[in-house]
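Peer 1: The structure follows.
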Amino acid sequence: MSVFSEVPQAAPVAVFKLTADFREDTDPRKVNLGVGAYRTDDCQPWVLPVVKKVEKIIVEDQSLNHEYLPILGLPEFRCSASKIALGEESPAIKEKRVGGVQCLGGTGALKVGAEYLRRWYNGNNNTGTPVYVSTPTWENHNGVFVDAGFQDIRTYRYWEPEKRGLALGGFLADLENAPERSIIVLHACAHNPTGTDPTQQEWMQIADVMKRRSLFPFFDSAYQGFASGSLEKDAWAVRYFVSQGFEIFCAQSFSKNFGLYNERVGNLTVVANDGENLARVLSQMEKIVRTTWSNPPSQGARLVAVTLTTPELFEEWKGNVKTMADRVLLMRAQLKAKLQGLGTPGTWDHITQQIGMFSFTGLNPKQVEFLIKEKHVYLMASGRINMCGLTSKNIDYVAESIHEAVTKIQ
Amino acid sequence: MTTHSAFIDTPTLPLNPETKLLAAFKNDTHPDKVYLAGREYLGEDGQISVLPLTWKIKQQIGSDPTLGTEYPPGLGLPEFTRRVTDLALGKDSQAIVENRVLGVQTVGFMGAVRLGTELLRRWYNRSVAWSGPVYVALPCHDSLVDTLKAAGILDVRQYRYWNAEQRVVSMDKLTEDLEQAPEHSVVMLSASAHCPTGADLSQQDWSALAEVMASRKLLPFFLLPAQGLCLGDPDQDAWPLRHYASLGLEFLCAQSFSHSFSLYGERVGHLLLVLKQNSVLLAVQSQADSLVRSLWARPTVLGARVVATVLGNPAYLAEWRDAIRGLAERCLLIREQLLEKLRLLGTPGRWDHLTQQGGLYCCTGLNAEQVRFLARKRHLYLLPDGCVNVTAINRQNLEYVAESIYLALTSAL
């Protein structure tokens with residue numbers, strides 16, 4: 001008898017199941033709007049030209065050593081990654097109260113941050129500290145904090161289906177009612193799955209409440225540069241909070257903006273009130289890292305570090321990122337135009353008001369089911385689509401399918 | 001604006017002994033200094049030895065336009081897990097044939113230990129809220145216990161392993177401790193080239209231990225961080241796993257390919273689960289997948305591609321086996337030469353174990369005071385447990401190291 005005989009099958013993850021179903025579908029018209037990665041207009045993955053270039057540089061560099069990286073990661077990576085988030089001229093960096101921990105992608109950065117907070121934040125080893133995530137949010141947020149030991153995961157209102165926009169009133173009210181010192185997980189930009197971000201004014205209001213209630217901001221920044229095409233614009237919220245004197249965690253992922261999904265490049269940026277607090281935090285992070293993966297992988301971090309610290313390569317990278325962001329913006333504009341052109345009932349402004357990879361279309365589960373089953377257009381039950389799945393070749397078909405879904409099914 | 005910091009209650013973690021030692025070594029300006037406490041395989045030139053094959057394959061991969069940068073599966077590259085599972089158990093293993101082996105690519109060796117332990121904590125021994133006991137050898141790698149605790153194991157115990165007097169495995173004490181272990185305890189066992197002592201069980205010992213494990217219903221969790229580097233033959237180094245699999249036992253194994261492929265920075269690890277029944281495989285796999293999602297989501301690809309490419313190609317595989325044998329033979333040669341020098345100097349104490357062991361690690365038997373002497377007076381750096389990485393010894397420093405050990409044991413301290 002196996003000692004694992006009683007182990008139940010874990011529930012499948014919706015987005016993976018969607019992709020599996022898509023793969024098995026033989027209909028030639030099929031479109032995958034569930035995929036969570038960038039696709040070119042030919043619906044192919046895109047290896048950034050600058051990445052190919054730097055890969056060559058690295059593999060040919062005989063001087064590179066092959067030892068384990070330091071526990072907290074490649075120093076040049078940690079430094080340049082945090083600079084990207086906070087800005088070259090960041091006063092916090094100048095005041096030496098910013099530190100980075102290289103992690104396995106954005107997930108790894110969330111994990112290390114969560115493990116730290118669970119041990120040392122709010123009175124030590126306090127697993128009862130409430131952690132707030134948006135409704136809806138990336139489905140893995142919950143899992144990471146629960147597995148780190150937090151026992152009280154709550155939600156703050158975020159998406160208002162009637163107006164297809166931010167539920168600001170509810171958001172602020174939930175923050176107002178959050179117990180002091182609660183941890184708030186915020187999407188730095190390009191909210192996943194809704195694509196709806198607070199405006200600058202709205203971020204200011206959010207920060208205001210959080211400051212009054214002594215709430216801890218834990219930013220998830222997976223799309224810097226990818227959302228608007230501008231690194232600075234996409235980092236505005238994070239930088240604003242820091243300028244307001246907040247101590248923050250920011251889990252950065254370079255999977256999307258470098259197209260380096262496979263090398264798991266992430267950085268947890270820590271901003272503390274002073275260098276002394278920072279040093280103590282980083283010392284504890286070392287132990288957390290040591291007991292999870294010992295030390296992080298070198299390939300991706302080296303790639304990113306070389307790119308960010310070499311002026312010509314940095315410019316080339318920003319160009320590559322803008323290419324991706326521009327294609328997404330084009331698809332958004334075209335989808336909205338086509339739906340309006342078809343006279344599809346409802347408003348479609350939110351398609352171009354939303355930002356980043358994802359869009360909450362507002363389609364209901366029945367309409368989604370119709371799209372998948374009858375039209376072979378795959379999207380999440382929530383109505384979330386990945387704009388990267390749209391191309392000049394399939395956009396007409398998708399627009400027509402959405403039109404049909406909305407007119408046939410209520 | 002300075003207010004009460006959110007991090008105010010965080011104590012400073014004292015520096016890792018290894019970190020402190022390395023820093024002291026780096027600050028030492030003495031020309032004869034040697035760092036003997038490292039974990040990487042060093043070549044004759046004192047630098048990390050990089051397998052030419054790895055170099056070659058990395059360049060191939062770097063210039064292959066068909067290889068993309070997409071997310072790998074959460075459980076890792078299938079060609080990697082398949083190959084390293086074959087490597088560990090032997091392609092014709094009954095367990096593999098019967099499709100009851102689960103392989104998960106992990107972020108390094110510690111990632112495999114962490115994932116395996118998280119899996120056990122949630123799903124092992126479902127009748128109780130299980131958090132141990134997990135047994136580790138005395139002594140063991142310092143991070144091992146911390147990792148078990150980080151995974152939520154509250155009850156970590158040690159079984160006696162190293163016999164400091166005889167400088168071998170203390171088989172009778174080991175057996176005694178495990179015979180008294182509560183049923184269903186998990187026992188971490190070094191399959192070969194034990195870190196840090198270098199002392200391994202014989203095949204006879206393994207067979208005897210299997211009986212104890214079976215009768216006490218103990219679950220083995222093998223540690224195999226450098227397959228091939230102990231006896232020069234990957235099949236030999238994995239013998240304990242293959243033997244236990246042939247007995248129909250269920251077990252876990254944490255594997256690493258850092259040393260055997262010079263892929264330290266790439267974090268290539270693997271968690272192997274040999275199950276009694278095929279019927280539980282999918283459920284366990286789904287739970288492992290779920291756990292990976294909140295640890296690192298997906299593993300990294302470069303290192304796994306290198307390993308899969310080598311192991312999957314007969315010519316490369318042969319080249320690799322040759323290279324591994326060379327690495328292992330050099331360890332044996334250094335051990336022989338050190339033993340000879342120590343004998344010539346008339347160094348007191350037992351030293352036969354030097355050549356009876358294989359692999360990188362070896363316990364000299366020096367005590368903490370003698371270790372301190374070595375650092376202060378001879379600029380030789382060891383951790384207080386007196387264990388060394390033999391690859392840090394080479395033609396240039398052999399005399400000096402031998403002489404230093406001799407002095408540590410004979411000088412009035």
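Letters for chains follow the order of the structure tokens (A, B, ...), residue numbers begin at 1 for each chain, and ligand numbers begin at 1 in the order shown.
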Mind checking DSSP for segment 110-323 of chain A and telling me the strand (DSSP E or B) residues as a PyMOL selection string?
Peer 2: chain A and resi 131-135+153-157+159-160+165-166+183-187+216-221+248-253+265-271
Peer 1: Output C-alpha atoms for every residue in the selection just made, as a PDB file, in the first residue's frame.
Peer 2:
ATOM      1  CA  VAL A 131      -3.470  39.879   3.738  1.00  0.00           C
ATOM      2  CA  TYR A 132      -5.695  41.696   1.238  1.00  0.00           C
ATOM      3  CA  VAL A 133      -5.848  40.835  -2.443  1.00  0.00           C
ATOM      4  CA  SER A 134      -8.056  42.480  -5.063  1.00  0.00           C
ATOM      5  CA  THR A 135     -11.294  40.939  -6.288  1.00  0.00           C
ATOM      6  CA  ILE A 153      -6.597  36.199   3.341  1.00  0.00           C
ATOM      7  CA  ARG A 154      -9.222  38.834   2.594  1.00  0.00           C
ATOM      8  CA  THR A 155     -10.296  40.709  -0.496  1.00  0.00           C
ATOM      9  CA  TYR A 156     -10.738  44.362  -1.357  1.00  0.00           C
ATOM     10  CA  ARG A 157     -13.270  45.400  -3.949  1.00  0.00           C
ATOM     11  CA  TRP A 159     -13.745  45.555 -10.394  1.00  0.00           C
ATOM     12  CA  GLU A 160     -17.195  47.029 -10.889  1.00  0.00           C
ATOM     13  CA  GLY A 165     -14.178  49.959 -14.311  1.00  0.00           C
ATOM     14  CA  LEU A 166     -12.539  50.428 -10.943  1.00  0.00           C
ATOM     15  CA  ILE A 183      -0.705  43.676   4.147  1.00  0.00           C
ATOM     16  CA  ILE A 184      -2.202  44.945   0.883  1.00  0.00           C
ATOM     17  CA  VAL A 185      -1.203  43.285  -2.389  1.00  0.00           C
ATOM     18  CA  LEU A 186      -1.316  45.926  -5.122  1.00  0.00           C
ATOM     19  CA  HIS A 187      -0.816  45.504  -8.856  1.00  0.00           C
ATOM     20  CA  PHE A 216       1.759  47.677   4.259  1.00  0.00           C
ATOM     21  CA  PRO A 217       2.008  47.921   0.449  1.00  0.00           C
ATOM     22  CA  PHE A 218       3.237  44.770  -1.322  1.00  0.00           C
ATOM     23  CA  PHE A 219       3.399  45.612  -5.022  1.00  0.00           C
ATOM     24  CA  ASP A 220       3.296  42.990  -7.742  1.00  0.00           C
ATOM     25  CA  SER A 221       5.051  44.471 -10.782  1.00  0.00           C
ATOM     26  CA  ILE A 248       7.274  48.736   0.570  1.00  0.00           C
ATOM     27  CA  PHE A 249       7.962  45.378  -1.012  1.00  0.00           C
ATOM     28  CA  CYS A 250       7.860  45.230  -4.778  1.00  0.00           C
ATOM     29  CA  ALA A 251       7.929  41.823  -6.470  1.00  0.00           C
ATOM     30  CA  GLN A 252       9.336  42.418  -9.933  1.00  0.00           C
ATOM     31  CA  SER A 253       9.142  39.979 -12.809  1.00  0.00           C
ATOM     32  CA  VAL A 265      14.113  36.322 -13.520  1.00  0.00           C
ATOM     33  CA  GLY A 266      12.650  38.198 -10.600  1.00  0.00           C
ATOM     34  CA  ASN A 267      13.668  40.692  -7.952  1.00  0.00           C
ATOM     35  CA  LEU A 268      12.120  41.568  -4.629  1.00  0.00           C
ATOM     36  CA  THR A 269      12.800  45.247  -4.051  1.00  0.00           C
ATOM     37  CA  VAL A 270      12.713  46.231  -0.403  1.00  0.00           C
ATOM     38  CA  VAL A 271      12.388  49.885   0.589  1.00  0.00           C
TER      39      VAL A 271
END
Peer 1: Contacts of segment 6-14 of chain B at 6 Å or less, counting only C-alpha atoms, minus same-chain residues fewer than 2 places along, as a list in words?
Peer 2: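 In the requested form, the answer reads Trp120, Arg280, Ser283 and Gln284 of chain A.
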Peer 1: List as number ranges by chain the protein and nucleic acid residues near Arg97 of chain A, meaning an atom at most 7 Å away when only C-alpha atoms are counted, but skip any in the same chain fewer than 5 places from it.
Peer 2: A: 92, 271-275, 278
Peer 1: What residues in segment 61-235 of chain B get the DSSP label helix (DSSP H, G or I)? Please answer as a ChimeraX atom specification.
Peer 2: /B:61-62,78-89,94-97,108-123,142-150,171-179,203-215,234-235
Peer 1: Nearest residue to chain A out of B:Ala129, B:Leu339, B:Val292, B:Val104, using only C-alpha atoms?
Peer 2: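 Using only C-alpha atoms, the shortest distance to chain A belongs to B:Val292.
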Peer 1: For Lys318 of chain A, find every residue with an atom within 12 Å (counting only C-alpha atoms), except residues of its own chain fewer than 5 positions away, and show them as an MDAnalysis selection string.
Peer 2: chainID A and resid 48:51 84 224:226 228:232 257:258 307:308 311:313 323:326
Peer 1: Determine, counting only C-alpha atoms, which protein, DNA and RNA residues have an atom within 12 Å of an atom of Thr407 of chain A; residues of the same chain fewer than 2 positions away are not included. Present the result as a list of chain:residue names.
Peer 2: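 After dropping sequence-adjacent residues, the list is A:Leu339, A:Leu342, A:Gly343, A:Thr344, A:Pro345, A:Gly346, A:Leu363, A:Gln367, A:Phe370, A:Glu400, A:Ser401, A:Ile402, A:His403, A:Glu404, A:Ala405, A:Ile409, A:Gln410.
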Peer 1: Rank A:Trp138, A:Trp203, A:Tyr397, A:Trp293 by their smallest atom-to-atom distance to chain B, using only C-alpha atoms, and report the top residue only.
Peer 2: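 Residue with the minimum atom-to-atom distance to chain B: A:Trp293.
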Peer 1: Write out as a ChimeraX atom specification each polymer residue whose atoms come within 12 Å of Met210 of chain A, counting only C-alpha atoms; drop sequence neighbours fewer than 4 positions from it.
Peer 2: /A:171-186,203-206,214-218,241,244-248
Peer 1: Quick one: write out the picked residues with C-alpha atoms as a tab-separated table (two decimals), in the first residue's frame?
Peer 2:
chain	number	residue	atom	x	y	z
A	171	PHE	CA	-11.73	49.77	-2.69
A	172	LEU	CA	-11.22	52.76	-0.40
A	173	ALA	CA	-13.91	51.62	2.03
A	174	ASP	CA	-12.32	48.17	2.34
A	175	LEU	CA	-8.93	49.77	3.03
A	176	GLU	CA	-10.51	52.07	5.58
A	177	ASN	CA	-11.94	49.05	7.40
A	178	ALA	CA	-8.79	46.93	7.19
A	179	PRO	CA	-7.15	46.30	10.54
A	180	GLU	CA	-4.05	48.43	10.99
A	181	ARG	CA	-0.84	46.88	9.71
A	182	SER	CA	-2.68	44.64	7.24
A	183	ILE	CA	-0.70	43.68	4.15
A	184	ILE	CA	-2.20	44.95	0.88
A	185	VAL	CA	-1.20	43.29	-2.39
A	186	LEU	CA	-1.32	45.93	-5.12
A	203	TRP	CA	-3.59	56.08	-6.48
A	204	MET	CA	-3.12	59.20	-4.35
A	205	GLN	CA	-6.39	58.50	-2.58
A	206	ILE	CA	-5.42	54.89	-2.05
A	214	SER	CA	-0.62	51.99	8.59
A	215	LEU	CA	-1.22	49.40	5.90
A	216	PHE	CA	1.76	47.68	4.26
A	217	PRO	CA	2.01	47.92	0.45
A	218	PHE	CA	3.24	44.77	-1.32
A	241	PHE	CA	4.26	55.43	-2.63
A	244	GLN	CA	5.22	59.46	0.28
A	245	GLY	CA	7.52	57.75	2.75
A	246	PHE	CA	6.05	54.26	2.62
A	247	GLU	CA	8.17	51.22	3.28
A	248	ILE	CA	7.27	48.74	0.57
Peer 1: Kindly give the distance, in Å, that separates atom CA of Ser359 of chain A and atom CA of Leu33 of chain A, rounded to a single decimal.
Peer 2: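 Computing the Euclidean distance for atom CA of Ser359 of chain A and atom CA of Leu33 of chain A yields 10.1 Å.
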Peer 1: Might you pull out every residue within 12 Å of Ser294 of chain A, with only C-alpha atoms counted and same-chain residues fewer than 5 positions away left off, and present them as a VMD selection string?
Peer 2: (chain A and resid 68 to 73 102 to 104 285 to 289) or (chain B and resid 106 to 114 142 to 144 146 to 147 264 to 269)
Peer 1: Mind writing the picked residues with N, CA and C atoms as a compact mmCIF listing (two decimals), in the first residue's frame?
Peer 2:
# COMPACT_ATOMS: atom_id res chain seq x y z
N TYR A 68 28.39 29.13 -7.77
CA TYR A 68 27.07 29.49 -7.25
C TYR A 68 27.01 31.01 -7.15
N LEU A 69 25.86 31.58 -7.42
CA LEU A 69 25.68 33.01 -7.18
C LEU A 69 25.60 33.23 -5.67
N PRO A 70 25.85 34.48 -5.22
CA PRO A 70 25.58 34.76 -3.80
C PRO A 70 24.12 34.47 -3.51
N ILE A 71 23.82 34.21 -2.24
CA ILE A 71 22.47 33.82 -1.85
C ILE A 71 21.42 34.83 -2.28
N LEU A 72 21.73 36.12 -2.12
CA LEU A 72 20.74 37.14 -2.47
C LEU A 72 20.76 37.47 -3.97
N GLY A 73 21.69 36.85 -4.71
CA GLY A 73 21.67 37.01 -6.14
C GLY A 73 22.84 37.79 -6.70
N GLN A 102 17.36 38.75 -5.50
CA GLN A 102 17.06 38.06 -6.75
C GLN A 102 16.25 36.81 -6.46
N CYS A 103 15.15 36.63 -7.19
CA CYS A 103 14.27 35.49 -6.92
C CYS A 103 13.88 34.79 -8.22
N LEU A 104 13.20 33.67 -8.06
CA LEU A 104 12.75 32.90 -9.21
C LEU A 104 11.48 33.53 -9.78
N MET A 285 16.29 37.58 4.98
CA MET A 285 15.92 37.10 3.64
C MET A 285 16.91 36.03 3.20
N GLU A 286 18.17 36.18 3.58
CA GLU A 286 19.20 35.19 3.21
C GLU A 286 18.81 33.81 3.69
N LYS A 287 18.34 33.74 4.92
CA LYS A 287 17.97 32.42 5.46
C LYS A 287 16.76 31.87 4.72
N ILE A 288 15.81 32.73 4.39
CA ILE A 288 14.62 32.28 3.68
C ILE A 288 15.01 31.73 2.31
N VAL A 289 15.91 32.43 1.64
CA VAL A 289 16.35 31.98 0.31
C VAL A 289 17.13 30.67 0.42
N THR B 106 13.57 20.60 -10.18
CA THR B 106 13.50 21.59 -9.10
C THR B 106 14.61 22.62 -9.25
N VAL B 107 14.54 23.65 -8.41
CA VAL B 107 15.58 24.66 -8.43
C VAL B 107 16.69 24.18 -7.50
N GLY B 108 17.62 23.43 -8.07
CA GLY B 108 18.74 22.94 -7.28
C GLY B 108 18.37 21.84 -6.31
N PHE B 109 19.40 21.40 -5.59
CA PHE B 109 19.28 20.31 -4.63
C PHE B 109 18.37 20.70 -3.48
N MET B 110 18.58 21.91 -2.95
CA MET B 110 17.79 22.33 -1.80
C MET B 110 16.34 22.53 -2.21
N GLY B 111 16.12 22.91 -3.46
CA GLY B 111 14.75 23.02 -3.98
C GLY B 111 14.07 21.67 -3.96
N ALA B 112 14.82 20.62 -4.28
CA ALA B 112 14.26 19.27 -4.27
C ALA B 112 13.92 18.84 -2.84
N VAL B 113 14.84 19.16 -1.92
CA VAL B 113 14.59 18.81 -0.52
C VAL B 113 13.36 19.57 -0.02
N ARG B 114 13.29 20.85 -0.36
CA ARG B 114 12.17 21.69 0.10
C ARG B 114 10.85 21.19 -0.45
N ASP B 142 24.73 21.85 6.72
CA ASP B 142 24.07 22.76 7.68
C ASP B 142 22.71 23.29 7.24
N SER B 143 22.51 23.48 5.97
CA SER B 143 21.23 24.05 5.54
C SER B 143 20.08 23.04 5.54
N LEU B 144 20.43 21.77 5.64
CA LEU B 144 19.40 20.73 5.53
C LEU B 144 18.35 20.86 6.63
N ASP B 146 17.67 23.46 8.51
CA ASP B 146 16.94 24.72 8.35
C ASP B 146 15.87 24.59 7.28
N THR B 147 16.18 23.88 6.21
CA THR B 147 15.21 23.73 5.13
C THR B 147 14.02 22.89 5.59
N TYR B 264 26.70 24.83 -11.49
CA TYR B 264 26.37 25.36 -10.16
C TYR B 264 25.38 26.51 -10.23
N GLY B 265 25.68 27.46 -11.11
CA GLY B 265 24.84 28.66 -11.15
C GLY B 265 23.49 28.42 -11.80
N GLU B 266 23.32 27.28 -12.46
CA GLU B 266 22.08 27.06 -13.20
C GLU B 266 20.99 26.40 -12.37
N ARG B 267 21.35 25.94 -11.17
CA ARG B 267 20.37 25.40 -10.24
C ARG B 267 19.55 24.24 -10.81
N VAL B 268 20.25 23.21 -11.22
CA VAL B 268 19.56 22.06 -11.81
C VAL B 268 19.39 20.97 -10.77
N GLY B 269 18.18 20.80 -10.34
CA GLY B 269 17.91 19.77 -9.35
C GLY B 269 16.73 18.92 -9.79
Peer 1: Calculate how many Å separate atom CA of His191 of chain A from atom CA of Val321 of chain A, rounding to one decimal.
Peer 2: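 Separation between atom CA of His191 of chain A and atom CA of Val321 of chain A: 17.9 Å.
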Peer 1: Could you tell me how far atom CA of Asp32 of chain B lies from atom CA of Phe373 of chain B, in Å and to one decimal?
Peer 2: 14.9 Å
Peer 1: Go through B:Cys195, B:Leu224, B:Val307, B:Leu366 and flag the residue nearest Trp55 of chain B, using only C-alpha atoms for the distances.
Peer 2: B:Val307
